Structure formats: C-alpha cells, structure tokens
Amino acid sequence: MSSAPAPLLELREVSLAFGGLRVVSGLDLHVDEGEIVSVIGPNGAGKTTLFNLITGIYRPDSGSITLAGDSIVGLQPHQISQRGISRTFQTLRLFLNMSVKENVMAAAYGHTRAGVFRSMLRTPGMRREEREIEALAEERLAFFGKRLMGYRWDQPAYSLSYANRRRLEIARATATNPRILLLDEPAAGMNPAETHEITELIGELRTAGGYTILVIEHDMHVVEGISDRVVALDHGVKLAEGSFESVATNAQVIEAYLGLQTAATK
Amino acid sequence: MSDSTPTGSSTPAGGPAVGQDEWVARHAAARVFKSGPLASAEDRLRQVPWWAWLVLFLALFSLLPLVESSGYVRRVAFDTVLYMLLALGLNIVVGWGGLLDLGYVAFYGVGAYAYAILDSPKFGIHLPSLLVVPLVVIIGAIVGLLLGLPSRRLTGDYLAIVTLFFLQLFQTLTTNGDSAFGHNITGGPNGILNVDPFHVLGHDLAVQHQGVFAVAYLYVALGIFALVYIALRFVNRSRTGRAWRSLREDPLAAEAMGMPVSWLKLMSFSFGAAVAALTGTVFAALNASVFPLSFYFVLLIIIYTMVILGGSGSQPGVVLGAIVVSPALELLREPSKGRLLFYIVLIGGLLLMFRFSRRLGLVAGATFVLGLVLHVLASAHDHRWVAGEHAGGFAGVVGHWVVVPSHLASWIAPTTYIGLIAAVLLLTLVSGWLRLVLLVPTLYLAAFVWENVMLAKPEPARYIILGLILISLMVLRPNGLLGERRVEIV
Ligand SMILES: Nc1ncnc2c1ncn2[C@@H]1O[C@H](COP(=O)(O)OP(=O)(O)O)[C@@H](O)[C@H]1O
Ligand SMILES: [Mg+2]
C-alpha cells in the first residue's frame, strides 16, 4: 500500500451499525490529493453508507475521519461541505422545481456572504457577488459542452432528461468549490454512449477541474478507465485494494460478485 | 456523441438515436420553441418587467377609492391589502421554506398586541409610529425565532402539530392575560381598547374622515405592501432565497451542498413572523382595539386558502389569491349573493364535468323537472310546505322549484345534510348511467339543503362555498392560479 505523506481524506477503523446490522466495519481508506479512487462492491455492500459517513449524514460508531489532517467527525453535513467535500447522490436529489442555473447557483451558498438585509437593499457588493455566482454557475454548466447551456439554464430541473440530471448533479456538486468530489454511481442508468462520455468526463474533472475524486461505480469498463486505485467492499468490509487488475482478479472479490449472482438466480 | 440541443435531431455518431434522453430532450425543445400567435403574445407579456406589473397594479388599486367612494368598499379594499401582506408572509414559510406552519396567525396577533400595548392608554405608553412599527417587527421576528428553535428539527406533520400548539398558546395567554401574576396585561377576553391610530410627527392618521373610512389607511397599507413585496422579491432572488427553495425541494441535498438547513428554517420562520407582526400593527391601528378572537383558526385557514389557491411559492400568485378570496368572503356575507355564488358553482361544476354534451342536457332537464314536480306535489299536499321565506329577485325563480317549508321539523336539517353527504359519496362509487341517474336527486338535495339548512346559517355556509370553489379550482389547476407547473418526467 502506498504511504503518501498526508492523505487528503483518511478513514481509520470506521464502523457503523444500524440496529444489529453492521453496515461498515473497521474500514480503513485513504485518498491522496489528485487521485481517482474507485469503490466497487455488490449491492448492499455499504458503499453509499460510506459516502454518508464521510459527508456527515451518519456519524460513525467508532473510528476517525480526517480531511487534510483535521477530524470531520461530528460536524454537520453543511460544515463538511464548506470544508471541501462535495457529493452526488445515487438516487438523484436535484432541486426539481428550480431552474437548471439556480440549482448550481444554490450550491455556492457556503462560500458566499451576502446576508438577507444586503439582499433586500441590493447593495453594490451584493450585486457584484450575485454576478460572480452566476458566472460560476455558467462556467460549471459549460463543463458539459452544450448539453446544459443556453435555453436550458432557465428551464426547471424536472424538465431535464435522466442523463442530463446526472450531469446537473455533478455541476451542482462542483459549485461548492470542493477539494474532493464523491460521485455515487455517476453512470447508473446511462446508455453505452453516455457511459463512455462520463468516463472521459471524470478524467477531465481531475485534469481541468483539479478535483480529487472518490467514485462508486458498478460498470467495470468505467472503473478500469479511470481508477488510479480500486477498493472492493462487501458487507462493509474491505476485501481488496490496489490496481484495477489486482482487484479484478482477486479471488474474494470474484466470489463476492459471483456468490451474489448465484444467490440471485436461485 | 449525441447532441441534445433544440435542433439536434441528427443521429449520434455512436449509433441510433438512443432512449429516453433524446426523446425527453426533443419534447423539452418543442415546449420551449412553441409557435403561434397566442404563444408570441404570451412571450411578449412575459417580457414586461416585474416592476412594471407592480406599478400598474398599485396604480389601479390606488384609483379604486376615487372611483368608489363608499366606506364599505374602501374597508374591503383595505382588508384585502392586509390579506395580501399576510399571504406574502406565509409564502416565505410555506411557499419557499416548505414548512407547514399552523401557528402563523399567532405572529399576526403578537404584532397587533405589541402595538396595542405600546400605543394605548392601557399602560399610558404612546410611542411614535415610526418607532413602534419597526420595534414590533423586530419583536415579531424574535418571537418567530424563539418559537422556531424547538421546531427546527421537526418536519411535516410534527411541525404542524407543534406550531398549532403555539397558536392555541397565544389564544390562552391573551385570553387569560388579564390576571397574569396579578397584573392585567392583555385585557383578557375584553382585549385592549382605544389603541392609538398611526401618528407621525405629531399628526394623527385618523381612521374616519367625516364619518367615512379614511382612505389614508388604505394608502399606508398599500405602501407597506409595496415595500414588503419588493424586499421579498429581492430576497427570493438572492443566495438566501435560493437556499430557502432548495430546502423546500430537498433538505438533505441542500444540507449536503453547504446550506445550513436548521438556520435557514429558523430564518424563514422569523421572516414570516416579522411580516405578520408588521401587518398586525396596521390592523391594530385601524381597528383601535385588539381581541384574542381576532386571531383565530379560521383566519389561518383563509390565509392558507389564498396561498394555495394563488400558487404557493409565487409572489404574484399569493397576492392574486388574496384578491380573489377576500372579496369573495365579503360577498358571501349576504345570503342573496351567497345563493347566486352557490348556483354558479353548481352549474359551473356540471359544465366542467360534462362540457356541452347531451348528458348535460339530460341531467339538467331531469333535475329541473324533478324540482317542479316535487314542488307541485308538496304545495298540493299542504301549502305550508312551500311557504318558506324567499328573498325576492333571483330567489323568486328558485322559489318555484325548491321546496322550502315555512316550518322545518328539527329532524330534517341533519337528515338531509347527512343524506347529501352519503349521496355524494355514493356518486363517487358508481359510474355510467347509474351515476347520471343518481346525480339528479343529488343535485336537488343539494339545492334543498342549501335553501333550508345553509341559508339559515350564513357563517358556515360561506366557508362551505369557499371550500367548493377551492376544490373545483384545485382540480383544474393543481398548482394554483399562478403557481409554477410542477411536473416530473422520467
Ligand atoms: N438508514 C439505514 N437504516 C438501516 N439500514 C440501512 C440504512 N442505510 C443503509 N442501510 C443498509 O445498509 C446496507 C448497505 O447499504 P448501501 O450503503 O446503500 O449499499 P450500497 O453498497 O449498495 O450503496 C444495506 O443492507 C442497507 O439496507
Ligand atoms: Mg449505493
């Protein structure tokens, strides 16, 4: 295992149980600055729960989570977001009745300042900040080529297609100006062409956007295409970690997937 | 790659035009680029800036007292402006914050009482209006904040129950506030009397001018409305407004995107309370008195009706809601106008149901004949059966159709009322010809209940009519008159 000087995100011995069900047990995980790490594992392995732990939606029963060396356990999700961790949701959670552009603008809340009274008076400072927020939103939406541009800006998010909703979620997540992006199954429900596009896009998010990325993905082609490192989970336990080849050929990992398949066919 | 720009009908290089994505994109494009004269007129109307609409609206409203000099009309217009303000305030909490606040009216009461205490002979305090009104707004905001504190972790039903409890608490405190630790603070059920009118720079803003409702208050209220409307519009188009609406759409996602959801809830509560308290000062200054019963549950329902009817979340929508509902409630105070509205709703409902089809003719004709036959039979049997009171004019027509006995046996009212409800329920269960046949006696029964039971009790009757209007509008426009279309594709 690599021993980089200071991982950007680090989990040590993190455990969480719901009632008697141990969903994550004794998990160690680290993501270095500039890395793309993939998390794989069968359904119910605890991958989304892992994201919920990192973003503060759940609090771990034990263990530590640090961002650039500082503990983030016990912080509110919005505080964690403001410190530089942003995410997308596996089950899309857009602000459906707000416009496409407003969805992205809303996420700039944490790093902007104008208070209510300045907004009521529309002070010059407030208006300048509004222009900056708008420019930021347009820039983040432009990341996806023409798909979320032009007339789309003022359309409500509910009018978007499924694939565009996934893109909008990524745009919104980047508008919080994060250091690390957590993407929960970004290619789920997409057709092959769109999946291919997402693969390239994740690479671009790192090179052009400068984000460190932790991604949950089922599609092995996507995982192979993007990952510096792969972590395999099952029943909340880390089965394997390393390069794509080493994890994909790991006997335990294969069994976890196959075992599930045979169980499903019974 | 496939390209879903509006003109993008070309097949993507990678294969055939694929799936839902393309399909939905094309539909969206078709919706945006619709054509035709109506669409272009709509487009042009949309391009009129919001402030132009506001100025036009204020100008028209200001002209009203010049056209109509009756004090009654002015008073109704004034009450409508108060409702417009209350609806704007509730819209912050319900329409933007997405919180079900059933204690809202209590903040209105807090504002009115605070003004009355700080500006009346009750304690001999007479602060100038320019000081007391901002002070009361701040008090309202603080009370909203404090009551919001225990509620900030609650959502939905739980929040509704807790806030409803606050409204009850307000009622109890004001009603029993005449002996709080031996001090008389709120005057109890008798309220606080002789509250000062607004007074600015030593001038009283008299409520009456030569015995008629002074138009000054209408303009003061309208001015406050304009300020509140503009301020709230600016807030809505700011980082805070976006955060409020995000919270309404999905609190978890809002929190994960860096928005402090608890604090935002508190703020929306507090701002709603501040607007209600501000409205309360105008109310108290105009009426020169406050009583616990002015801030009752029915008022809450009326304001909610306005917000929902007009389109929760839309500022022009909730204002329109107030403008529709407030005068309608006034009209319904008079039985003859209430009766007119009742039959309009009945006939309108039938029209909506059947359009202009043969079945409409059949049902209407059969109901008409049924009424005439029953009327003739009843009057032949005993004249007193049809000798009930009827106001003239319009009622004269109805009087030859609906049986209205001069004396109603005590069992008739509840029986027919329950029978009507049962008949309506039955209607929803059957279909086809059976429904048409059953509709005829049900309609007649409705008219009978209206004439004999409802008209005798105009107060509940007007709320029933309001409910009927609300239901039929909700069927037609589920998001309110000016509400945004809320649809989900996929
Ligand atoms: N809030 C919760 N309460 C109880 N059980 C939960 C909760 N969230 C997740 N789980 C359970 O934890 C396990 C892991 O879920 P999840 O992290 O969503 O899996 P996945 O790897 O498919 O994303 C599942 O068995 C799920 O039922
Ligand atoms: Mg999952």
# chains A, B, ... in the order shown; residues from 1 in each chain; ligands from 1

$ interface_residues --of "chain B" --to "chain A" --cutoff "6 Å" --atoms "only C-alpha atoms" --output "mmCIF file with C-alpha atoms, in the first residue's frame"
data_model
loop_
_atom_site.group_PDB
_atom_site.id
_atom_site.type_symbol
_atom_site.label_atom_id
_atom_site.label_comp_id
_atom_site.auth_asym_id
_atom_site.auth_seq_id
_atom_site.Cartn_x
_atom_site.Cartn_y
_atom_site.Cartn_z
ATOM 1 C CA ASP B 21 -32.651 11.060 -23.124
ATOM 2 C CA VAL B 24 -37.202 13.911 -23.461
ATOM 3 C CA ALA B 231 -37.926 43.452 -0.377
ATOM 4 C CA PHE B 234 -35.073 40.741 -3.819
ATOM 5 C CA VAL B 235 -34.538 38.187 -1.066
ATOM 6 C CA ARG B 242 -32.329 30.092 -3.366
ATOM 7 C CA ALA B 243 -31.318 28.311 -0.175
ATOM 8 C CA SER B 246 -33.570 24.319 -2.036
ATOM 9 C CA GLU B 249 -37.157 20.848 -2.592
ATOM 10 C CA GLU B 255 -27.518 20.426 3.624
ATOM 11 C CA ALA B 256 -25.016 18.347 1.648
ATOM 12 C CA MET B 257 -24.473 21.285 -0.717
ATOM 13 C CA GLY B 258 -23.321 23.518 2.124
ATOM 14 C CA MET B 259 -26.604 25.129 3.208
ATOM 15 C CA PRO B 260 -27.245 25.250 6.982
ATOM 16 C CA GLU B 488 -41.951 15.123 -13.328
#

$ residues_near_ligand --ligand "ligand 1" --cutoff "6 Å" --atoms "only C-alpha atoms and all ligand atoms" --output "PyMOL selection string"
chain A and resi 18+23+43-49

$ closest_residue --among "A:Leu50, A:Leu141, A:Val14, A:Ala171" --to "ligand 2" --atoms "only C-alpha atoms and all ligand atoms"
A:Leu50

$ select_by_dssp --residues "range 184-322 of chain B" --states "strand (DSSP E)" --output "list in words"
His199, Val200, His203, Asp204, Gln208, His209, Val212 and Phe213 of chain B

$ select_by_dssp --residues "range 13-250 of chain A" --states "alpha helix (DSSP H)" --output "MDAnalysis selection string"
chainID A and resid 47:54 77:83 100:106 116:121 124:142 162:174 192:207 220:226 244:248

$ closest_residue --among "A:Ser99, A:Glu132, A:Pro124, A:Leu183" --to "Asp154 in chain A" --atoms "only C-alpha atoms"
A:Ser99

$ atom_distance --atom1 "CA of Glu204 in chain A" --atom2 "CA of Pro42 in chain A"
27.1 Å

$ residues_around --residues "Leu205 in chain B" --least-positions-apart "4" --cutoff "12 Å" --atoms "only C-alpha atoms" --output "compact mmCIF listing (two decimals) with N, CA and C atoms, in the first residue's frame"
# COMPACT_ATOMS: atom_id res chain seq x y z
N PRO B 128 -44.20 57.06 19.22
CA PRO B 128 -44.49 57.47 17.84
C PRO B 128 -44.45 56.26 16.90
N SER B 129 -45.31 56.29 15.88
CA SER B 129 -45.46 55.13 15.00
C SER B 129 -44.17 54.75 14.31
N ASP B 196 -54.11 53.75 19.88
CA ASP B 196 -53.85 54.95 19.07
C ASP B 196 -53.84 54.61 17.58
N PRO B 197 -54.32 55.54 16.77
CA PRO B 197 -54.08 55.38 15.33
C PRO B 197 -52.61 55.69 15.05
N PHE B 198 -52.18 55.45 13.82
CA PHE B 198 -50.80 55.82 13.48
C PHE B 198 -50.66 57.33 13.69
N HIS B 199 -49.54 57.73 14.27
CA HIS B 199 -49.30 59.17 14.38
C HIS B 199 -47.84 59.46 14.05
N VAL B 200 -47.69 60.31 13.07
CA VAL B 200 -46.36 60.61 12.55
C VAL B 200 -46.09 62.09 12.73
N LEU B 201 -44.99 62.45 13.37
CA LEU B 201 -44.59 63.84 13.57
C LEU B 201 -45.73 64.66 14.18
N HIS B 209 -62.90 59.79 8.31
CA HIS B 209 -62.86 61.15 7.80
C HIS B 209 -64.29 61.53 7.44
N PHE B 213 -64.78 55.81 6.14
CA PHE B 213 -63.46 55.19 6.26
C PHE B 213 -62.41 56.07 5.58
N ALA B 214 -61.40 56.50 6.37
CA ALA B 214 -60.40 57.40 5.79
C ALA B 214 -59.50 56.63 4.84
N VAL B 215 -59.35 57.20 3.66
CA VAL B 215 -58.63 56.50 2.61
C VAL B 215 -57.14 56.43 2.92
N ALA B 216 -56.69 57.25 3.89
CA ALA B 216 -55.27 57.30 4.21
C ALA B 216 -54.74 55.92 4.58
N TYR B 217 -55.55 55.18 5.38
CA TYR B 217 -55.06 53.87 5.82
C TYR B 217 -54.87 52.90 4.67
N LEU B 218 -55.75 53.03 3.68
CA LEU B 218 -55.61 52.17 2.51
C LEU B 218 -54.27 52.43 1.85
N TYR B 219 -53.91 53.72 1.76
CA TYR B 219 -52.65 54.05 1.10
C TYR B 219 -51.45 53.67 1.95
N VAL B 220 -51.57 53.82 3.26
CA VAL B 220 -50.47 53.38 4.13
C VAL B 220 -50.25 51.88 3.96
N VAL B 282 -50.75 47.45 11.60
CA VAL B 282 -51.72 48.18 10.77
C VAL B 282 -53.13 47.83 11.20
N ALA B 285 -53.89 49.52 14.61
CA ALA B 285 -54.02 50.97 14.49
C ALA B 285 -55.34 51.33 13.84
N LEU B 286 -55.77 50.54 12.87
CA LEU B 286 -57.00 50.87 12.19
C LEU B 286 -58.22 50.56 13.05
N ALA B 288 -58.36 50.24 16.27
CA ALA B 288 -58.30 50.90 17.56
C ALA B 288 -58.54 49.95 18.71

$ closest_residue --among "A:Leu233, A:Ala208, A:Leu168, A:Ile65" --to "ligand 2" --atoms "only C-alpha atoms and all ligand atoms"
A:Leu233

$ atom_distance --atom1 "CA of Gly371 in chain B" --atom2 "CA of Tyr444 in chain B"
6.8 Å

$ atom_distance --atom1 "CA of Gly74 in chain A" --atom2 "CA of Leu147 in chain B"
26.1 Å

$ residues_around --residues "Val247 in chain A" --least-positions-apart "6" --cutoff "7 Å" --atoms "only C-alpha atoms" --output "list of chain:residue names"
A:Val230, A:Ala240, A:Glu241
